[in-house]
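Here's my_file_20.txt, which has compact mmCIF, C-alpha atoms and all ligand atoms:
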```txt
# COMPACT_ATOMS: atom_id res chain seq x y z
CA MET A 1 3.94 11.14 -13.17
CA HIS A 2 5.81 10.81 -16.45
CA LYS A 3 8.59 13.34 -16.87
CA LEU A 4 7.15 14.71 -20.13
CA GLN A 5 3.83 15.48 -18.46
CA ASN A 6 5.42 17.56 -15.75
CA PRO A 7 4.34 21.19 -16.35
CA PHE A 8 7.62 22.50 -14.98
CA SER A 9 10.09 20.40 -16.95
CA LYS A 10 11.03 23.25 -19.30
CA THR A 11 11.53 25.84 -16.57
CA SER A 12 15.08 26.61 -15.46
CA ILE A 13 15.73 28.22 -12.11
CA ALA A 14 19.16 29.24 -10.87
CA VAL A 15 19.26 29.16 -7.08
CA ILE A 16 22.09 31.25 -5.66
CA GLY A 17 22.77 31.59 -1.96
CA ASP A 18 24.11 30.06 1.21
CA VAL A 19 24.32 26.32 0.69
CA MET A 20 24.42 23.97 3.67
CA LEU A 21 24.52 20.32 4.50
CA ASP A 22 21.95 19.05 6.98
CA LYS A 23 22.99 15.93 8.84
CA TYR A 24 20.55 13.97 10.97
CA ILE A 25 21.80 11.45 13.51
CA PHE A 26 18.98 9.20 14.70
CA GLY A 27 19.27 7.23 17.88
CA GLU A 28 17.72 5.77 20.96
CA VAL A 29 18.15 7.18 24.42
CA GLU A 30 17.83 4.82 27.33
CA ARG A 31 20.17 6.15 29.94
CA ILE A 32 21.95 9.18 31.29
CA SER A 33 25.70 9.38 31.03
CA PRO A 34 27.74 8.69 34.17
CA GLU A 35 30.15 11.38 32.97
CA ALA A 36 27.71 14.29 32.94
CA PRO A 37 23.92 14.71 33.25
CA VAL A 38 23.32 14.23 29.53
CA PRO A 39 21.46 11.53 27.58
CA ILE A 40 23.48 8.86 25.83
CA THR A 41 22.28 8.40 22.27
CA LEU A 42 22.82 4.99 20.75
CA VAL A 43 23.01 5.76 17.04
CA THR A 44 20.68 3.76 14.82
CA GLY A 45 21.03 5.74 11.61
CA GLU A 46 22.32 8.79 9.79
CA LYS A 47 20.97 10.88 6.97
CA PHE A 48 22.35 13.74 4.92
CA VAL A 49 20.12 16.25 3.13
CA PRO A 50 20.93 19.39 1.10
CA GLY A 51 20.12 22.43 3.26
CA GLY A 52 19.69 26.20 2.91
CA ALA A 53 19.90 27.27 -0.73
CA ALA A 54 20.58 23.63 -1.64
CA ASN A 55 17.22 22.63 -0.12
CA THR A 56 15.48 25.33 -2.17
CA ALA A 57 17.20 23.96 -5.30
CA ALA A 58 16.21 20.41 -4.28
CA ASN A 59 12.57 21.50 -4.13
CA VAL A 60 12.78 23.07 -7.60
CA ALA A 61 14.19 19.79 -8.89
CA THR A 62 11.80 17.40 -7.15
CA LEU A 63 8.80 19.48 -8.24
CA GLY A 64 10.00 18.86 -11.79
CA GLY A 65 11.91 22.01 -12.75
CA ARG A 66 15.51 22.37 -13.84
CA ALA A 67 17.53 23.48 -10.83
CA LEU A 68 20.99 25.00 -11.13
CA LEU A 69 22.72 25.65 -7.83
CA PHE A 70 25.28 28.43 -7.33
CA GLY A 71 27.21 28.89 -4.12
CA LEU A 72 30.38 28.24 -2.20
CA THR A 73 31.55 25.37 -0.05
CA GLY A 74 34.77 24.36 1.58
CA ALA A 75 37.03 21.75 0.01
CA ASP A 76 36.06 19.16 2.59
CA GLU A 77 34.15 15.95 3.13
CA ALA A 78 30.89 17.77 3.81
CA LYS A 79 31.14 19.31 0.35
CA ASP A 80 31.47 15.89 -1.28
CA VAL A 81 28.41 14.65 0.59
CA LEU A 82 26.46 17.81 -0.30
CA VAL A 83 27.33 17.44 -3.98
CA ASN A 84 26.34 13.77 -4.00
CA GLU A 85 23.07 14.30 -2.18
CA SER A 86 22.23 17.28 -4.41
CA LYS A 87 22.86 15.21 -7.54
CA LYS A 88 20.52 12.52 -6.24
CA PHE A 89 17.69 15.05 -6.45
CA GLY A 90 18.74 16.03 -9.96
CA ILE A 91 20.27 19.41 -9.12
CA ASN A 92 22.86 20.74 -11.54
CA VAL A 93 25.78 21.48 -9.19
CA ARG A 94 28.27 22.88 -11.69
CA GLY A 95 27.84 26.33 -10.12
CA LEU A 96 29.04 25.11 -6.72
CA ARG A 97 32.61 26.17 -6.15
CA SER A 98 34.73 24.86 -3.34
CA ILE A 99 37.30 27.07 -1.69
CA GLU A 100 40.43 25.75 -0.07
CA GLY A 101 40.57 26.78 3.59
CA ARG A 102 36.86 27.44 3.87
CA ARG A 103 34.48 25.17 5.73
CA THR A 104 31.21 23.89 4.28
CA THR A 105 28.28 25.07 6.41
CA GLN A 106 26.85 22.06 8.17
CA LYS A 107 24.03 21.62 10.67
CA ILE A 108 23.98 18.39 12.59
CA ARG A 109 20.85 17.44 14.47
CA VAL A 110 20.87 14.61 16.98
CA LEU A 111 17.44 13.02 17.40
CA GLY A 112 16.47 10.54 20.09
CA GLN A 113 13.13 8.83 19.45
CA SER A 114 12.40 11.53 16.79
CA GLN A 115 12.94 14.34 19.28
CA GLN A 116 15.76 16.80 18.72
CA LEU A 117 18.35 16.57 21.50
CA LEU A 118 21.11 18.76 20.16
CA ARG A 119 22.11 20.79 17.15
CA ILE A 120 25.72 21.30 16.18
CA ASP A 121 26.57 23.98 13.61
CA TYR A 122 29.70 24.36 11.59
CA GLU A 123 29.79 27.67 9.81
CA GLU A 124 32.12 30.39 8.77
CA LEU A 125 30.58 33.79 8.27
CA LYS A 126 33.29 35.05 5.99
CA ALA A 127 32.52 37.51 3.21
CA LEU A 128 33.60 36.48 -0.26
CA GLU A 129 36.91 37.50 -1.75
CA VAL A 130 36.50 39.65 -4.88
CA VAL A 131 37.80 36.87 -7.09
CA GLU A 132 35.39 34.35 -5.56
CA GLN A 133 32.49 36.67 -6.21
CA ASN A 134 33.63 37.35 -9.76
CA ASN A 135 33.85 33.64 -10.47
CA LEU A 136 30.36 33.12 -9.13
CA VAL A 137 28.97 35.93 -11.31
CA GLN A 138 30.78 34.55 -14.36
CA ASP A 139 29.30 31.10 -13.73
CA LEU A 140 25.82 32.55 -13.36
CA LYS A 141 26.18 34.57 -16.57
CA ALA A 142 27.27 31.44 -18.41
CA ALA A 143 24.02 29.65 -17.56
CA THR A 144 21.74 29.82 -20.59
CA SER A 145 17.94 29.98 -20.87
CA LEU A 146 17.22 30.77 -17.25
CA ASN A 147 13.66 31.79 -16.37
CA ALA A 148 14.52 33.08 -12.92
CA VAL A 149 17.27 33.56 -10.42
CA LEU A 150 16.16 32.67 -6.92
CA VAL A 151 18.31 34.26 -4.24
CA SER A 152 18.27 32.17 -1.07
CA ASP A 153 19.83 34.52 1.46
CA TYR A 154 20.60 32.99 4.85
CA ALA A 155 23.08 35.77 5.71
CA LYS A 156 25.97 33.32 5.96
CA GLY A 157 28.27 35.48 3.88
CA LEU A 158 27.47 34.75 0.26
CA ILE A 159 24.98 37.50 -0.56
CA SER A 160 26.44 41.00 -0.56
CA GLU A 161 25.32 44.34 -1.92
CA ASN A 162 27.82 44.05 -4.72
CA LEU A 163 26.79 40.53 -5.67
CA MET A 164 23.14 41.63 -5.77
CA LYS A 165 24.10 44.49 -8.12
CA HIS A 166 25.74 42.01 -10.50
CA ILE A 167 22.77 39.66 -10.31
CA PHE A 168 20.28 42.44 -11.08
CA GLU A 169 22.41 43.85 -13.89
CA HIS A 170 22.57 40.47 -15.59
CA CYS A 171 18.95 39.54 -14.95
CA HIS A 172 17.44 42.85 -16.00
CA LYS A 173 19.43 42.81 -19.22
CA ASN A 174 18.31 39.27 -20.04
CA ASN A 175 14.69 39.34 -18.88
CA ILE A 176 15.32 36.95 -16.01
CA LEU A 177 13.08 37.37 -12.98
CA VAL A 178 14.69 37.66 -9.55
CA PHE A 179 12.93 36.05 -6.58
CA ILE A 180 14.40 36.60 -3.12
CA ASP A 181 14.02 34.61 0.09
CA PRO A 182 15.32 37.50 2.21
CA LYS A 183 17.17 38.35 5.39
CA PRO A 184 15.97 41.63 6.96
CA ASP A 185 19.40 43.26 7.33
CA HIS A 186 19.94 43.01 3.59
CA GLN A 187 16.65 44.53 2.46
CA ALA A 188 18.24 47.68 1.02
CA TRP A 189 20.05 45.47 -1.51
CA TYR A 190 16.90 43.84 -2.85
CA ARG A 191 15.43 46.69 -4.92
CA GLY A 192 15.00 45.42 -8.45
CA ALA A 193 13.60 42.05 -7.42
CA PHE A 194 10.37 40.75 -8.94
CA MET A 195 9.23 38.99 -5.77
CA ILE A 196 10.41 38.92 -2.15
CA THR A 197 9.15 36.29 0.30
CA PRO A 198 9.82 37.15 3.97
CA ASN A 199 8.38 34.99 6.74
CA ARG A 200 6.54 36.71 9.59
CA LYS A 201 9.66 37.37 11.68
CA GLU A 202 11.61 38.67 8.73
CA ALA A 203 8.75 40.96 7.68
CA GLU A 204 8.53 42.27 11.27
CA ALA A 205 12.23 43.08 11.31
CA MET A 206 11.98 44.71 7.90
CA VAL A 207 9.16 47.09 8.88
CA GLY A 208 10.00 47.49 12.55
CA TYR A 209 6.71 46.43 14.14
CA LYS A 210 4.93 43.23 15.15
CA LEU A 211 2.57 41.56 12.71
CA SER A 212 0.28 40.50 15.54
CA SER A 213 -2.94 41.68 13.90
CA HIS A 214 -4.27 41.15 10.39
CA GLU A 215 -4.26 44.92 9.90
CA ASN A 216 -0.55 45.01 10.61
CA VAL A 217 0.11 42.17 8.17
CA LEU A 218 -1.71 44.17 5.47
CA LYS A 219 0.10 47.37 6.41
CA ALA A 220 3.50 45.66 6.37
CA GLY A 221 2.91 43.96 3.03
CA LYS A 222 1.87 47.18 1.35
CA GLN A 223 4.77 49.05 2.93
CA LEU A 224 7.34 46.47 1.82
CA GLN A 225 5.86 46.42 -1.65
CA ALA A 226 6.15 50.21 -1.92
CA ASN A 227 9.63 50.40 -0.36
CA LEU A 228 11.17 47.56 -2.33
CA GLY A 229 9.17 47.94 -5.55
CA ALA A 230 8.48 44.21 -5.69
CA HIS A 231 5.60 41.80 -5.25
CA ILE A 232 5.65 40.53 -1.68
CA LEU A 233 4.62 37.19 -0.24
CA ILE A 234 4.63 37.08 3.56
CA THR A 235 4.60 33.48 4.81
CA LEU A 236 2.79 33.15 8.11
CA GLY A 237 3.64 29.65 9.32
CA ASP A 238 0.49 27.83 10.44
CA LYS A 239 -1.57 30.86 9.31
CA GLY A 240 -0.60 30.28 5.67
CA MET A 241 0.53 33.23 3.61
CA CYS A 242 -0.48 36.64 2.29
CA LEU A 243 0.28 37.75 -1.26
CA PHE A 244 0.74 41.43 -2.07
CA GLU A 245 0.66 41.74 -5.80
CA LYS A 246 1.30 45.20 -7.19
CA ASN A 247 -1.95 47.08 -7.86
CA GLN A 248 -4.08 44.26 -6.45
CA GLU A 249 -5.94 43.56 -3.25
CA ALA A 250 -3.95 41.43 -0.80
CA LEU A 251 -4.75 37.73 -1.01
CA VAL A 252 -4.86 35.69 2.18
CA ILE A 253 -4.27 31.96 1.70
CA GLN A 254 -5.05 29.72 4.68
CA THR A 255 -3.25 26.47 5.36
CA GLU A 256 -5.26 23.34 5.03
CA ALA A 257 -5.46 21.52 8.35
CA ARG A 258 -2.99 18.65 8.49
CA GLU A 259 -0.71 16.86 10.84
CA VAL A 260 2.43 18.90 11.42
CA TYR A 261 5.68 17.08 12.14
CA ASP A 262 8.38 19.59 11.35
CA VAL A 263 8.14 23.06 9.83
CA SER A 264 11.85 23.43 9.06
CA GLY A 265 12.47 24.07 5.39
CA ALA A 266 8.83 24.96 4.69
CA GLY A 267 9.90 28.42 3.57
CA ASP A 268 12.35 26.89 1.08
CA THR A 269 9.61 24.70 -0.36
CA ALA A 270 7.25 27.68 -0.59
CA VAL A 271 9.61 29.98 -2.50
CA ALA A 272 10.75 27.17 -4.83
CA ALA A 273 7.14 26.28 -5.72
CA LEU A 274 6.12 29.92 -6.11
CA CYS A 275 9.00 30.67 -8.46
CA LEU A 276 8.57 27.49 -10.47
CA GLY A 277 4.80 27.95 -10.77
CA TYR A 278 5.00 31.54 -11.94
CA CYS A 279 7.84 30.90 -14.39
CA SER A 280 5.85 28.02 -15.88
CA GLY A 281 2.85 30.16 -16.74
CA MET A 282 0.69 30.21 -13.62
CA SER A 283 -0.56 33.58 -12.39
CA LEU A 284 1.00 34.93 -9.20
CA ARG A 285 -2.16 34.00 -7.31
CA GLU A 286 -2.17 30.47 -8.65
CA SER A 287 1.53 30.15 -7.88
CA ALA A 288 0.99 31.30 -4.29
CA VAL A 289 -1.85 28.81 -3.78
CA PHE A 290 0.37 26.09 -5.22
CA ALA A 291 3.28 27.18 -2.97
CA ASN A 292 1.02 27.03 0.07
CA LYS A 293 -0.05 23.48 -0.80
CA ALA A 294 3.53 22.37 -1.42
CA ALA A 295 4.73 23.86 1.89
CA GLY A 296 1.77 22.20 3.61
CA ILE A 297 3.06 18.83 2.39
CA LYS A 298 6.56 19.62 3.65
CA VAL A 299 5.40 20.22 7.23
CA GLY A 300 4.09 16.65 7.31
CA LYS A 301 7.64 15.37 6.78
CA LEU A 302 10.37 15.08 9.35
CA GLY A 303 13.46 17.21 8.79
CA THR A 304 14.46 19.17 5.71
CA ALA A 305 12.89 17.31 2.84
CA PRO A 306 11.90 18.41 -0.64
CA VAL A 307 8.39 17.86 -1.97
CA ARG A 308 7.50 15.97 -5.14
CA LEU A 309 4.79 17.19 -7.49
CA GLU A 310 2.89 13.88 -7.17
CA GLU A 311 2.46 14.53 -3.43
CA ILE A 312 0.56 17.78 -3.93
CA PRO A 313 -3.23 17.49 -4.15
CA ALA A 314 -4.73 19.08 -7.28
N1 LIG A 401 2.21 24.59 11.06
C1 LIG A 401 1.94 24.68 9.75
N2 LIG A 401 0.84 24.12 9.22
C2 LIG A 401 0.58 24.20 7.90
N3 LIG A 401 1.37 24.83 7.02
C3 LIG A 401 2.48 25.41 7.49
C4 LIG A 401 2.83 25.37 8.87
N4 LIG A 401 4.00 26.03 9.04
C5 LIG A 401 4.36 26.45 7.81
N5 LIG A 401 3.45 26.09 6.87
C6 LIG A 401 3.51 26.38 5.43
O1 LIG A 401 4.83 26.73 5.08
C7 LIG A 401 4.88 28.08 4.60
C8 LIG A 401 6.18 28.72 5.06
O2 LIG A 401 6.24 28.64 6.47
P1 LIG A 401 6.99 29.74 7.36
O3 LIG A 401 6.27 31.03 7.27
O4 LIG A 401 7.15 29.12 8.71
O5 LIG A 401 8.38 29.86 6.59
P2 LIG A 401 9.87 29.97 7.14
O6 LIG A 401 9.84 30.51 8.53
O7 LIG A 401 10.66 30.70 6.14
O8 LIG A 401 10.31 28.47 7.17
P3 LIG A 401 11.80 27.89 7.24
O9 LIG A 401 12.71 29.04 7.52
O10 LIG A 401 11.76 26.86 8.31
O11 LIG A 401 12.03 27.29 5.91
C9 LIG A 401 3.64 28.73 5.15
O12 LIG A 401 3.28 29.83 4.37
C10 LIG A 401 2.65 27.57 5.07
O13 LIG A 401 2.19 27.40 3.75
MG MG A 402 12.70 31.01 5.44
```

Kindly return the structure encoded in the file as structure tokens.
Ligand SMILES: Nc1ncnc2c1ncn2[C@@H]1O[C@H](COP(=O)(O)OP(=O)(O)OP(=O)(O)O)[C@@H](O)[C@H]1O
Ligand SMILES: [Mg+2]
Amino acid sequence: MHKLQNPFSKTSIAVIGDVMLDKYIFGEVERISPEAPVPITLVTGEKFVPGGAANTAANVATLGGRALLFGLTGADEAKDVLVNESKKFGINVRGLRSIEGRRTTQKIRVLGQSQQLLRIDYEELKALEVVEQNNLVQDLKAATSLNAVLVSDYAKGLISENLMKHIFEHCHKNNILVFIDPKPDHQAWYRGAFMITPNRKEAEAMVGYKLSSHENVLKAGKQLQANLGAHILITLGDKGMCLFEKNQEALVIQTEAREVYDVSGAGDTAVAALCLGYCSGMSLRESAVFANKAAGIKVGKLGTAPVRLEEIPA
């Protein structure tokens, strides 16, 4: 599709949150190590992909929107790779700040014959220093003509109550919508958001009961909407999603049957598409249907991978 025809090309979304680098090591396993009862993986390839908030930003960009990424990394090699890979998708990375002495969050997956053998995580769950947070807020405030701020909270230390206060203050003053991909423990900080998108597990933790029946899904959605004063989209994995728009009946959106390879990152795709759709003039319902289709495409891909608009059926 030509860039000018993309319906999202004029929409700017700032994604702020825990950025990560996903590394995939592909290999073949043919024997067990003589040193310990573990498979020996003969490496055939490697791949790096933006992860966490950076994957959400990548989806905004590949769907055709303007994606500005805000977050913190270490001053290390992983940061350089993350910046390069993010730029390849067209993400504006000027809001990424690297901190000396901090480590870039990285998740390394070792795959033998496409099956995951091991995951290795590097992460530092350190809260931000005041000056780091202030810099981040200043950078965000300096971004002009934003349609939305999308908070991608993976509870890795970036999002705090205080940071959320600054985000809301700026966004409410400037008519910028706040979308939140939440973590349950932080729900008290999210009041003031336009839309919050928990997955099933997160919604369960937020309300304190299982969403094992449809009645409970409806109850939880309404409860979250009332408690947090926001529209709520509960994503339900292979059961699709349920939209709770204020003053409207809940809308259940089923997934379309397809081959599923890997569901990781589907939530990132969903919130990116939802935010981009709504900010580009779709109704919330249309945006949710679009998000469900986009996430459905993602699950047909291996690993964290953003979705392009051309891949989504009309
Ligand atoms: N097995 C599946 N088949 C079809 N669609 C799926 C499947 N799993 C997820 N999806 C799509 O992806 C959306 C988000 O999935 P899910 O609720 O698993 O999010 P999530 O747990 O936040 O994902 P992640 O944290 O891995 O990014 C769903 O609402 C649905 O549209
Ligand atoms: Mg998620």

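Minimum atom-to-atom distance to A:Lys23, evaluated using all atoms listed in the file, belongs to A:Tyr122 out of A:Phe290, A:Phe89, A:Tyr122, A:Phe8.
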
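Using only C-alpha atoms for every distance, the candidate list A:Val81, A:Leu63, A:Ala305, A:Lys210 yields A:Leu63 as the residue closest to A:Ala291.
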
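Here the question is which of A:Gly101, A:Ala142, A:Ala54, A:Cys171 gets nearest to ligand LIG 401 (chain A) using only C-alpha atoms and all ligand atoms, and that residue is A:Ala54.
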
Given only C-alpha atoms and all ligand atoms, how would the per-residue table for chain A near ligand LIG 401 (chain A) read, listing every residue at most 8 Å away with its closest atom pair and distance in Å to one decimal, sorted by chain and number, as a tab-separated table?
```
residue	atom	partner	partner_atom	distance
A:Asp181	CA	A:LIG401	O7	7.9
A:Pro198	CA	A:LIG401	O7	6.9
A:Asn199	CA	A:LIG401	O3	4.5
A:Arg200	CA	A:LIG401	O3	6.1
A:Lys201	CA	A:LIG401	O6	7.6
A:Ile234	CA	A:LIG401	O3	7.3
A:Thr235	CA	A:LIG401	O3	3.9
A:Leu236	CA	A:LIG401	O3	4.2
A:Gly237	CA	A:LIG401	O4	3.6
A:Asp238	CA	A:LIG401	C1	3.5
A:Lys239	CA	A:LIG401	C10	6.8
A:Gly240	CA	A:LIG401	O12	4.1
A:Met241	CA	A:LIG401	O12	4.4
A:Gln254	CA	A:LIG401	O13	7.7
A:Thr255	CA	A:LIG401	C2	5.1
A:Glu256	CA	A:LIG401	C2	6.6
A:Ala257	CA	A:LIG401	C2	6.6
A:Arg258	CA	A:LIG401	C2	6.6
A:Glu259	CA	A:LIG401	N2	7.6
A:Val260	CA	A:LIG401	N1	5.7
A:Asp262	CA	A:LIG401	N1	7.9
A:Val263	CA	A:LIG401	N4	5.2
A:Ser264	CA	A:LIG401	O10	3.5
A:Gly265	CA	A:LIG401	O11	3.3
A:Ala266	CA	A:LIG401	O11	4.1
A:Gly267	CA	A:LIG401	O11	3.4
A:Asp268	CA	A:LIG401	O11	4.9
A:Thr269	CA	A:LIG401	O11	7.2
A:Ala270	CA	A:LIG401	C7	5.7
A:Ala291	CA	A:LIG401	O13	6.8
A:Asn292	CA	A:LIG401	O13	3.9
A:Lys293	CA	A:LIG401	O13	6.4
A:Ala294	CA	A:LIG401	O13	7.3
A:Ala295	CA	A:LIG401	O1	4.3
A:Gly296	CA	A:LIG401	N3	4.3
A:Ile297	CA	A:LIG401	N3	7.8
A:Lys298	CA	A:LIG401	O1	7.5
A:Val299	CA	A:LIG401	C3	6.0
```

(Q) I want to know what sits within 8 Å of A:Leu146, based on all atoms listed in the file, with residues of the same chain fewer than 4 positions away left out; could you give that as JSON, numbers by chain? (A) {"A": [11, 12, 13, 14, 176]}

(Q) So that I can check the surroundings of stretch 230-232 of chain A, please list as a PyMOL selection string every protein, DNA and RNA residue that reaches within 10 Å of it, counting only C-alpha atoms and ignoring chain neighbours fewer than 5 positions away. (A) chain A and resi 178-180+190-198+203+220-225+242-247+250+284

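Nearest-residue note for A:Gly51: choosing from A:Glu30, A:Asp18, A:Asp185, A:Asp80, the minimum distance belongs to A:Asp18, counting only C-alpha atoms.
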
Q | For A:Val29: contacts at 12 Å, all atoms listed in the file, fewer than 2 positions along chain excluded, given as a PyMOL selection string | A | chain A and resi 26-27+31-33+38-44+110-117

Q | Minimum-distance residue to A:Asp121, chosen among A:Ser160, A:Thr105, A:Asn135, A:Asn55 (using only C-alpha atoms) | A | A:Thr105
